$ cat structure36.tsv   # TSV, C-alpha atoms
chain	number	residue	atom	x	y	z
A	1	MET	CA	-2.38	-16.31	22.42
A	2	GLU	CA	0.98	-14.50	22.53
A	3	ARG	CA	0.88	-10.77	21.83
A	4	PHE	CA	3.24	-8.97	19.46
A	5	GLU	CA	3.97	-5.46	18.28
A	6	LEU	CA	3.37	-5.29	14.53
A	7	ILE	CA	4.65	-2.57	12.21
A	8	ALA	CA	2.88	-1.64	8.97
A	9	PRO	CA	4.91	0.64	6.66
A	10	CYS	CA	2.98	2.82	4.19
A	11	HIS	CA	3.47	5.75	1.83
A	12	PHE	CA	4.59	8.95	3.54
A	13	GLY	CA	1.56	11.17	4.07
A	14	LEU	CA	-1.00	8.37	4.21
A	15	GLU	CA	-0.51	7.16	7.77
A	16	ALA	CA	-4.00	8.32	8.86
A	17	VAL	CA	-5.67	6.11	6.24
A	18	LEU	CA	-3.71	3.05	7.34
A	19	LYS	CA	-4.37	3.85	11.02
A	20	LYS	CA	-8.12	3.79	10.36
A	21	GLU	CA	-7.84	0.50	8.48
A	22	ILE	CA	-6.01	-1.14	11.38
A	23	THR	CA	-8.46	0.26	13.91
A	24	ASP	CA	-11.38	-1.02	11.82
A	25	LEU	CA	-9.80	-4.50	11.93
A	26	GLY	CA	-10.03	-4.29	15.71
A	27	TYR	CA	-6.42	-3.69	16.71
A	28	GLU	CA	-4.96	-1.07	19.03
A	29	ILE	CA	-2.57	1.51	17.57
A	30	THR	CA	0.53	2.10	19.71
A	31	LEU	CA	2.56	4.48	17.53
A	32	VAL	CA	2.17	6.51	14.34
A	33	GLU	CA	5.37	7.73	12.65
A	34	ASP	CA	6.25	9.04	9.21
A	35	GLY	CA	5.61	6.11	6.88
A	36	ARG	CA	4.83	3.56	9.64
A	37	VAL	CA	1.98	2.56	11.95
A	38	THR	CA	2.65	0.24	14.90
A	39	PHE	CA	-0.12	-1.79	16.52
A	40	GLU	CA	-0.62	-4.68	18.92
A	41	GLY	CA	-1.91	-8.06	17.87
A	42	ASP	CA	-1.57	-11.81	18.19
A	43	ALA	CA	-0.68	-14.45	15.60
A	44	GLU	CA	-4.17	-14.15	14.12
A	45	ALA	CA	-3.53	-10.43	13.59
A	46	ILE	CA	-0.50	-11.25	11.44
A	47	ALA	CA	-2.68	-13.26	9.06
A	48	ARG	CA	-5.63	-10.86	9.06
A	49	ALA	CA	-3.46	-7.76	8.56
A	50	ASN	CA	-1.73	-9.33	5.55
A	51	VAL	CA	-5.02	-10.44	4.00
A	52	PHE	CA	-7.16	-7.36	4.72
A	53	LEU	CA	-5.00	-4.20	4.80
A	54	ARG	CA	-5.30	-2.28	1.53
A	55	THR	CA	-2.84	0.54	2.21
A	56	ALA	CA	0.07	-1.13	4.07
A	57	GLU	CA	3.22	-2.02	2.15
A	58	ARG	CA	3.94	-5.04	4.37
A	59	VAL	CA	3.45	-6.33	7.92
A	60	LEU	CA	6.51	-6.61	10.17
A	61	LEU	CA	6.75	-8.41	13.49
A	62	LYS	CA	8.75	-6.10	15.74
A	63	ALA	CA	11.68	-8.03	17.25
A	64	GLY	CA	13.22	-5.15	19.16
A	65	SER	CA	14.34	-1.52	19.28
A	66	PHE	CA	17.38	0.14	20.80
A	67	THR	CA	19.90	2.97	20.42
A	68	ALA	CA	23.20	2.29	18.63
A	69	VAL	CA	25.92	4.77	17.64
A	70	THR	CA	28.78	2.30	17.10
A	71	PHE	CA	28.98	-1.02	15.31
A	72	GLU	CA	30.07	-2.70	18.55
A	73	GLU	CA	26.92	-1.39	20.22
A	74	LEU	CA	24.83	-2.56	17.24
A	75	PHE	CA	26.32	-6.06	17.56
A	76	GLU	CA	25.74	-6.38	21.30
A	77	LYS	CA	22.21	-4.99	21.31
A	78	THR	CA	21.19	-7.10	18.32
A	79	ARG	CA	22.62	-10.14	20.09
A	80	ALA	CA	20.59	-9.27	23.21
A	81	ILE	CA	17.27	-9.70	21.35
A	82	PRO	CA	15.76	-13.14	22.15
A	83	TRP	CA	15.95	-14.38	18.56
A	84	GLU	CA	15.15	-17.94	19.60
A	85	ARG	CA	11.65	-16.67	20.38
A	86	TYR	CA	11.14	-16.01	16.67
A	87	ILE	CA	13.61	-18.11	14.67
A	88	PRO	CA	13.74	-21.91	14.91
A	89	ARG	CA	16.97	-23.90	14.92
A	90	ASP	CA	16.95	-24.33	11.13
A	91	GLY	CA	15.47	-20.92	10.25
A	92	LYS	CA	17.11	-18.72	7.63
A	93	CYS	CA	17.48	-15.12	8.83
A	94	TRP	CA	19.14	-12.15	7.14
A	95	VAL	CA	18.70	-8.39	6.81
A	96	THR	CA	17.02	-7.73	3.46
A	97	LYS	CA	16.94	-3.96	3.86
A	98	ALA	CA	18.55	-1.43	6.18
A	99	SER	CA	17.63	2.24	5.94
A	100	SER	CA	19.31	5.02	7.91
A	101	ILE	CA	18.21	8.63	8.44
A	102	LYS	CA	20.13	11.15	10.56
A	103	SER	CA	22.10	8.34	12.24
A	104	LYS	CA	25.81	7.77	12.85
A	105	LEU	CA	25.57	4.26	11.38
A	106	PHE	CA	24.53	4.48	7.76
A	107	SER	CA	26.30	1.83	5.68
A	108	PRO	CA	23.65	-0.76	4.71
A	109	SER	CA	26.19	-3.47	3.89
A	110	ASP	CA	28.01	-3.08	7.23
A	111	ILE	CA	24.72	-3.00	9.15
A	112	GLN	CA	23.54	-6.16	7.39
A	113	ARG	CA	26.82	-8.00	7.99
A	114	ILE	CA	27.15	-7.11	11.68
A	115	MET	CA	23.53	-7.83	12.54
A	116	LYS	CA	23.66	-11.19	10.73
A	117	LYS	CA	26.74	-12.12	12.76
A	118	ALA	CA	25.09	-11.05	16.04
A	119	ILE	CA	21.91	-13.03	15.33
A	120	ALA	CA	23.92	-16.13	14.40
A	121	ARG	CA	25.91	-15.86	17.65
A	122	ARG	CA	22.71	-15.59	19.71
A	123	LEU	CA	21.10	-18.59	18.01
A	124	GLN	CA	24.26	-20.70	18.35
A	125	GLU	CA	24.18	-20.05	22.09
A	126	ALA	CA	20.41	-20.59	22.41
A	127	TYR	CA	20.51	-23.93	20.57
A	128	ASP	CA	23.81	-25.15	22.14
A	129	LEU	CA	25.57	-25.32	18.80
A	130	GLY	CA	28.92	-24.00	19.99
A	131	GLN	CA	30.84	-22.84	16.91
A	132	GLN	CA	28.79	-25.08	14.61
A	133	PRO	CA	27.23	-22.97	11.83
A	134	LEU	CA	23.46	-22.67	11.56
A	135	SER	CA	21.94	-24.96	8.94
A	136	GLU	CA	19.47	-22.33	7.62
A	137	THR	CA	17.61	-25.01	5.68
A	138	GLY	CA	14.17	-24.16	7.07
A	139	SER	CA	11.70	-21.30	6.64
A	140	GLU	CA	12.82	-17.75	5.86
A	141	TYR	CA	12.72	-14.92	8.41
A	142	PRO	CA	13.85	-11.82	6.48
A	143	LEU	CA	14.54	-8.67	8.52
A	144	ARG	CA	13.97	-5.00	7.80
A	145	VAL	CA	15.90	-2.51	9.91
A	146	PHE	CA	15.21	1.22	10.33
A	147	PHE	CA	17.70	3.71	11.80
A	148	PHE	CA	16.34	7.15	12.73
A	149	LYS	CA	18.43	9.52	14.85
A	150	ASP	CA	20.42	6.50	16.11
A	151	GLN	CA	17.26	4.69	17.23
A	152	VAL	CA	17.15	1.22	15.68
A	153	THR	CA	13.90	-0.68	14.98
A	154	VAL	CA	14.13	-4.31	13.86
A	155	GLY	CA	11.19	-6.04	12.20
A	156	ILE	CA	10.73	-9.56	10.82
A	157	ASP	CA	8.95	-9.41	7.46
A	158	THR	CA	5.82	-11.58	7.52
A	159	SER	CA	4.68	-10.54	4.02
A	160	GLY	CA	7.50	-11.27	1.60
A	161	ASP	CA	6.59	-9.50	-1.62
A	162	SER	CA	5.19	-6.04	-0.98
A	163	LEU	CA	1.46	-6.05	-0.28
A	164	HIS	CA	0.85	-3.88	-3.34
A	165	LYS	CA	1.39	-7.07	-5.35
A	166	ARG	CA	-2.19	-8.29	-5.14
A	167	GLY	CA	-1.64	-10.73	-7.99
A	168	TYR	CA	-4.13	-9.28	-10.47
A	169	ARG	CA	-1.90	-6.82	-12.31
A	170	THR	CA	0.02	-9.01	-14.72
A	171	LEU	CA	-0.13	-6.40	-17.49
A	172	THR	CA	0.87	-2.77	-16.88
A	173	SER	CA	1.10	0.48	-18.76
A	174	LYS	CA	4.02	2.85	-18.30
A	175	ALA	CA	4.33	4.63	-14.94
A	176	PRO	CA	1.56	2.68	-13.20
A	177	ILE	CA	0.43	3.75	-9.74
A	178	THR	CA	0.84	1.05	-7.09
A	179	GLU	CA	-2.22	-0.76	-5.82
A	180	THR	CA	-1.64	0.28	-2.19
A	181	LEU	CA	-1.27	3.96	-3.10
A	182	ALA	CA	-4.36	3.86	-5.32
A	183	ALA	CA	-6.43	2.28	-2.54
A	184	ALA	CA	-5.19	4.83	0.00
A	185	LEU	CA	-6.06	7.77	-2.25
A	186	ILE	CA	-9.56	6.40	-2.89
A	187	LEU	CA	-10.05	5.99	0.86
A	188	LEU	CA	-8.92	9.60	1.36
A	189	THR	CA	-11.89	10.82	-0.67
A	190	PRO	CA	-15.60	10.79	0.30
A	191	TRP	CA	-16.36	8.35	-2.54
A	192	LYS	CA	-18.70	5.49	-1.61
A	193	LYS	CA	-19.79	2.50	-3.66
A	194	ASP	CA	-23.16	4.05	-4.53
A	195	ARG	CA	-21.48	7.05	-6.19
A	196	ILE	CA	-20.16	7.28	-9.76
A	197	LEU	CA	-16.38	7.00	-10.16
A	198	VAL	CA	-14.49	7.75	-13.37
A	199	ASP	CA	-10.76	7.56	-14.08
A	200	PRO	CA	-10.09	9.31	-17.43
A	201	PHE	CA	-6.40	8.23	-17.43
A	202	CYS	CA	-6.94	4.70	-16.18
A	203	GLY	CA	-3.81	3.08	-17.63
A	204	SER	CA	-3.65	-0.52	-16.41
A	205	GLY	CA	-6.86	0.05	-14.45
A	206	THR	CA	-5.51	0.30	-10.91
A	207	PHE	CA	-7.87	3.01	-9.61
A	208	PRO	CA	-11.06	1.43	-11.02
A	209	ILE	CA	-10.01	-2.07	-9.92
A	210	GLU	CA	-9.13	-1.00	-6.38
A	211	ALA	CA	-12.43	0.92	-6.17
A	212	ALA	CA	-14.36	-2.13	-7.36
A	213	MET	CA	-12.60	-4.32	-4.81
A	214	ILE	CA	-13.53	-1.85	-2.07
A	215	ALA	CA	-17.14	-1.76	-3.31
A	216	ALA	CA	-17.40	-5.56	-3.44
A	217	ASN	CA	-15.58	-6.10	-0.12
A	218	ILE	CA	-12.81	-8.13	-1.78
A	219	ALA	CA	-9.82	-8.38	0.57
A	220	PRO	CA	-6.65	-7.40	-1.32
A	221	GLY	CA	-4.47	-10.25	-0.04
A	222	MET	CA	-6.82	-13.21	-0.25
A	223	ASN	CA	-5.35	-14.58	-3.49
A	224	ARG	CA	-1.61	-14.38	-2.79
A	225	LYS	CA	1.05	-16.01	-0.62
A	226	PHE	CA	3.01	-14.61	2.33
A	227	THR	CA	6.39	-15.47	3.82
A	228	ALA	CA	4.94	-16.21	7.27
A	229	GLN	CA	2.65	-18.91	5.86
A	230	LYS	CA	5.66	-21.24	5.94
A	231	TRP	CA	6.45	-20.50	9.58
A	232	THR	CA	5.64	-23.29	12.01
A	233	ASN	CA	6.72	-21.72	15.30
A	234	ILE	CA	4.81	-18.41	15.53
A	235	ILE	CA	1.60	-18.72	13.55
A	236	ASP	CA	-0.51	-21.80	12.94
A	237	LYS	CA	-1.39	-22.50	9.29
A	238	GLN	CA	-5.07	-22.69	10.22
A	239	LEU	CA	-5.07	-18.96	11.03
A	240	TRP	CA	-4.28	-18.19	7.37
A	241	TYR	CA	-7.15	-20.42	6.21
A	242	ASP	CA	-9.44	-18.71	8.72
A	243	ALA	CA	-8.48	-15.25	7.47
A	244	VAL	CA	-9.18	-16.21	3.85
A	245	ASP	CA	-12.48	-17.83	4.83
A	246	GLU	CA	-13.45	-14.64	6.62
A	247	ALA	CA	-12.55	-12.65	3.50
A	248	GLU	CA	-14.57	-14.94	1.20
A	249	ASP	CA	-17.64	-14.59	3.41
A	250	MET	CA	-17.53	-10.80	3.02
A	251	ILE	CA	-17.47	-10.63	-0.80
A	252	ASN	CA	-20.52	-9.15	-2.52
A	253	LEU	CA	-20.20	-9.17	-6.30
A	254	ASP	CA	-23.87	-8.21	-6.67
A	255	VAL	CA	-23.17	-4.71	-5.36
A	256	GLU	CA	-24.65	-1.92	-7.48
A	257	THR	CA	-21.91	0.48	-8.48
A	258	ASP	CA	-20.89	2.68	-11.43
A	259	ILE	CA	-17.12	2.59	-11.98
A	260	GLN	CA	-15.57	3.58	-15.31
A	261	GLY	CA	-12.06	3.70	-16.72
A	262	PHE	CA	-11.06	5.60	-19.86
A	263	ASP	CA	-7.78	5.81	-21.73
A	264	ILE	CA	-6.81	7.07	-25.18
A	265	ASP	CA	-4.73	3.94	-25.86
A	266	ALA	CA	-6.74	0.90	-26.98
A	267	ASP	CA	-3.94	-1.52	-26.05
A	268	VAL	CA	-3.86	-0.09	-22.53
A	269	ILE	CA	-7.61	-0.58	-22.20
A	270	ARG	CA	-7.19	-4.24	-23.18
A	271	LYS	CA	-4.60	-4.61	-20.41
A	272	ALA	CA	-6.93	-2.94	-17.91
A	273	ARG	CA	-9.76	-5.33	-18.78
A	274	SER	CA	-7.45	-8.31	-18.38
A	275	ASN	CA	-6.29	-7.06	-14.96
A	276	ALA	CA	-9.89	-6.50	-13.85
A	277	GLU	CA	-10.74	-10.04	-14.88
A	278	ASN	CA	-7.79	-11.34	-12.83
A	279	ALA	CA	-9.13	-9.41	-9.85
A	280	GLY	CA	-12.62	-10.84	-10.33
A	281	VAL	CA	-14.25	-7.42	-10.79
A	282	GLU	CA	-14.58	-7.18	-14.59
A	283	LYS	CA	-18.40	-7.04	-14.32
A	284	LEU	CA	-18.22	-4.03	-11.99
A	285	ILE	CA	-16.16	-1.78	-14.29
A	286	HIS	CA	-16.83	-0.27	-17.71
A	287	PHE	CA	-13.58	0.35	-19.61
A	288	GLN	CA	-13.59	2.41	-22.79
A	289	GLU	CA	-11.07	3.85	-25.24
A	290	ARG	CA	-11.68	7.58	-24.90
A	291	SER	CA	-9.63	10.78	-24.87
A	292	VAL	CA	-9.85	13.12	-21.89
A	293	ALA	CA	-11.04	15.76	-24.37
A	294	ASP	CA	-14.23	13.67	-24.68
A	295	LEU	CA	-14.75	13.28	-20.94
A	296	SER	CA	-18.44	13.68	-20.10
A	297	HIS	CA	-21.21	12.05	-18.10
A	298	HIS	CA	-24.97	12.53	-18.00
A	299	LYS	CA	-25.29	11.82	-14.27
A	300	LYS	CA	-24.61	14.29	-11.48
A	301	TYR	CA	-22.50	14.21	-8.33
A	302	GLY	CA	-19.81	11.87	-9.62
A	303	PHE	CA	-16.17	11.48	-8.68
A	304	ILE	CA	-13.03	11.60	-10.79
A	305	ILE	CA	-10.00	9.95	-9.17
A	306	THR	CA	-7.01	9.77	-11.46
A	307	ASN	CA	-3.27	9.74	-12.06
A	308	PRO	CA	-2.71	11.89	-15.19
A	309	PRO	CA	0.57	11.78	-17.13
A	310	TYR	CA	3.33	13.91	-15.65
A	311	GLY	CA	6.13	13.68	-18.20
A	312	GLU	CA	8.34	10.76	-17.27
A	313	ARG	CA	10.34	11.43	-20.45
A	314	LEU	CA	11.48	14.83	-21.69
A	315	GLU	CA	9.61	14.48	-24.99
A	316	ASP	CA	6.35	13.77	-23.11
A	317	LYS	CA	6.49	17.06	-21.20
A	318	GLU	CA	5.55	19.04	-24.31
A	319	THR	CA	2.12	17.37	-24.39
A	320	LEU	CA	1.26	18.05	-20.74
A	321	PRO	CA	-0.18	21.59	-21.03
A	322	GLY	CA	-2.70	20.37	-23.62
A	323	ILE	CA	-3.64	17.29	-21.59
A	324	TYR	CA	-4.24	19.17	-18.35
A	325	SER	CA	-6.06	22.01	-20.13
A	326	ALA	CA	-8.43	19.53	-21.80
A	327	PHE	CA	-8.97	17.78	-18.48
A	328	GLY	CA	-9.79	21.08	-16.77
A	329	ARG	CA	-12.20	22.18	-19.52
A	330	GLN	CA	-14.16	18.93	-19.42
A	331	PHE	CA	-14.26	18.86	-15.64
A	332	ALA	CA	-15.65	22.41	-15.59
A	333	LYS	CA	-18.65	21.11	-17.55
A	334	LEU	CA	-19.31	18.51	-14.84
A	335	ASP	CA	-20.44	21.25	-12.48
A	336	SER	CA	-21.66	18.96	-9.68
A	337	TRP	CA	-18.70	16.60	-9.73
A	338	SER	CA	-15.58	16.30	-7.56
A	339	ALA	CA	-12.11	15.54	-8.91
A	340	TYR	CA	-9.02	14.16	-7.23
A	341	MET	CA	-5.72	13.81	-9.05
A	342	ILE	CA	-2.22	12.79	-8.05
A	343	THR	CA	0.64	14.23	-10.09
A	344	SER	CA	4.21	15.46	-9.85
A	345	TYR	CA	3.69	17.93	-12.71
A	346	GLU	CA	4.38	21.33	-11.17
A	347	ASP	CA	2.16	23.26	-13.60
A	348	ALA	CA	-0.82	20.91	-13.22
A	349	VAL	CA	-3.05	23.45	-11.47
A	350	LYS	CA	-2.04	26.25	-13.84
A	351	TYR	CA	-3.26	24.37	-16.89
A	352	PHE	CA	-6.16	22.64	-15.14
A	353	GLY	CA	-7.57	26.12	-14.62
A	354	ARG	CA	-8.89	25.87	-11.07
A	355	LYS	CA	-7.30	26.20	-7.65
A	356	PRO	CA	-7.63	23.03	-5.56
A	357	ASP	CA	-9.71	23.03	-2.41
A	358	LYS	CA	-7.08	20.83	-0.77
A	359	ASN	CA	-3.54	19.82	-1.62
A	360	ARG	CA	-1.73	16.94	0.10
A	361	LYS	CA	1.95	16.18	-0.43
A	362	ILE	CA	2.60	12.45	-0.87
A	363	TYR	CA	5.84	10.63	-1.60
A	364	ASN	CA	5.45	7.93	-4.22
A	365	GLY	CA	8.75	6.16	-3.56
A	366	MET	CA	11.31	8.97	-3.82
A	367	LEU	CA	9.07	11.02	-6.12
A	368	LYS	CA	7.29	13.96	-4.51
A	369	THR	CA	3.73	14.18	-5.77
A	370	TYR	CA	0.65	16.23	-4.94
A	371	PHE	CA	-2.86	14.95	-4.43
A	372	TYR	CA	-5.18	17.77	-5.49
A	373	SER	CA	-8.81	17.86	-4.38
A	374	PHE	CA	-11.41	19.82	-6.37
A	375	GLN	CA	-14.59	19.36	-4.41
A	376	GLY	CA	-18.08	19.63	-5.83
A	377	PRO	CA	-21.36	20.02	-3.96
A	378	LYS	CA	-22.78	17.23	-1.86
A	379	PRO	CA	-25.78	15.47	-3.40
A	380	PRO	CA	-29.18	15.98	-1.78
A	381	LYS	CA	-30.08	13.33	0.76
A	382	LYS	CA	-32.20	10.56	-0.69
A	383	GLU	CA	-35.60	9.99	0.74
A	384	LYS	CA	-36.77	6.45	1.41
A	385	GLY	CA	-37.57	4.63	-1.82
A	386	GLN	CA	-35.99	7.39	-3.93
A	387	GLU	CA	-33.16	6.66	-6.36
A	388	ARG	CA	-30.51	9.21	-7.19

$ encode --input "structure36.tsv" --output "structure tokens"
Amino acid sequence: MERFELIAPCHFGLEAVLKKEITDLGYEITLVEDGRVTFEGDAEAIARANVFLRTAERVLLKAGSFTAVTFEELFEKTRAIPWERYIPRDGKCWVTKASSIKSKLFSPSDIQRIMKKAIARRLQEAYDLGQQPLSETGSEYPLRVFFFKDQVTVGIDTSGDSLHKRGYRTLTSKAPITETLAAALILLTPWKKDRILVDPFCGSGTFPIEAAMIAANIAPGMNRKFTAQKWTNIIDKQLWYDAVDEAEDMINLDVETDIQGFDIDADVIRKARSNAENAGVEKLIHFQERSVADLSHHKKYGFIITNPPYGERLEDKETLPGIYSAFGRQFAKLDSWSAYMITSYEDAVKYFGRKPDKNRKIYNGMLKTYFYSFQGPKPPKKEKGQER
């Protein structure tokens, strides 16, 4: 089977999590950059990466890379890529996104226009069309282009909609965390499915749902569609069916786990329950209307993983000191627990009342956030036949 280089973009600061996911799938990493992990794989890898990766934003098939400092150079080097290897005679190809950092070429519209023209010229020559325009009536082959210090990387998007769109979150609360970011943050912690997990600001339920999917081995992409499923020249349709069959065989909804989501807003809790039902994990999560001031648990050695409010609107900022203070007070009573929170609120630690053991800077889109770790003691090792 033909080998490709595949590129998986992710949130800045979470490349190590995605790298481990790809390695666990059995593929060889060739490059790790800010916000991207490149690996080798065949057509089957395209399907499996889309279905199984929890923390990637999408999967791109790398078409080529080169240096370009003028638009003439961009045209010629784009034209030199063997596009007929990837795009059939009737394929529709265009640049959906062009990003440029520290490069001489930076106008997205000009980049898109010139590369489209170069690709069309190459395909006209490859398919002996002369000056006849391409029909573009077939499958879609959208491109994403990255410029960094004049180095150009061109990828064909196999995913379509971002992979954070699992399909279960039809109802959201304000300022929801994306599914891919939530999964990555959970995987950054030592939490395992046999440990308690509580989100006291659960909103639309993303953290609890992603945790339940991890616990039950539910692949995040098994219930959605991908752009490359319509391709007939690179990847056989059967490979998609095989990937989903593999995912279905791994599901274990009988897993014993204790995952809870709390929120002060009853309407938000209803939305979270509906989303959990869509994800097929409603029986694995206990949602409850509860203020963070009432946060408590009778068991020891639990985990809190959460995305507290951080004042999206000016009027909300006045409530933040009280919210974070209440959170800190209640967490202090859970003396054997660990807490992990992502927030952009600069005074979060001040009002929480405890210095973090670790602090990781993560970009959520263009928003700079911090993932604070407050680590509790490790539980004693269980002896055989002993329950914690």

$ atom_distance --input "structure36.tsv" --atom1 "atom CA of A:Cys10" --atom2 "atom CA of A:Trp240"
22.5 Å

$ residues_around --input "structure36.tsv" --residues "A:Met115" --least-positions-apart "5" --cutoff "8 Å" --atoms "only C-alpha atoms" --output "NGL selection string"
:A and (74-75 or 78-79 or 95)

$ write_last_selection --input "structure36.tsv" --atoms "C-alpha atoms" --output "PDB file, in the coordinates of the input"
ATOM      1  CA  LEU A  74      24.830  -2.560  17.240  1.00  0.00           C
ATOM      2  CA  PHE A  75      26.320  -6.060  17.560  1.00  0.00           C
ATOM      3  CA  THR A  78      21.190  -7.100  18.320  1.00  0.00           C
ATOM      4  CA  ARG A  79      22.620 -10.140  20.090  1.00  0.00           C
ATOM      5  CA  VAL A  95      18.700  -8.390   6.810  1.00  0.00           C
TER       6      VAL A  95
END

$ residues_around --input "structure36.tsv" --residues "stretch 246-261 of chain A" --least-positions-apart "4" --cutoff "8 Å" --atoms "only C-alpha atoms" --output "JSON, numbers by chain"
{"A": [51, 52, 193, 194, 195, 196, 197, 198, 199, 200, 201, 202, 205, 208, 211, 212, 215, 216, 217, 218, 219, 222, 242, 281, 284, 285, 286, 287, 288]}

$ atom_distance --input "structure36.tsv" --atom1 "atom CA of A:Ala68" --atom2 "atom CA of A:Pro9"
21.9 Å

$ closest_residue --input "structure36.tsv" --among "A:Arg360, A:Arg89, A:Lys104, A:Arg273" --to "A:Gln132" --atoms "all atoms listed in the file"
A:Arg89

$ axis_aligned_box --input "structure36.tsv" --around "stretch 86-97 of chain A" --padding-each-side "4 Å" --output "lines of an AutoDock Vina configuration file"
center_x = 15.1
center_y = -14.1
center_z = 10.1
size_x = 16.0
size_y = 28.4
size_z = 21.2

$ atom_distance --input "structure36.tsv" --atom1 "atom CA of A:Glu5" --atom2 "atom CA of A:Ala120"
23.0 Å
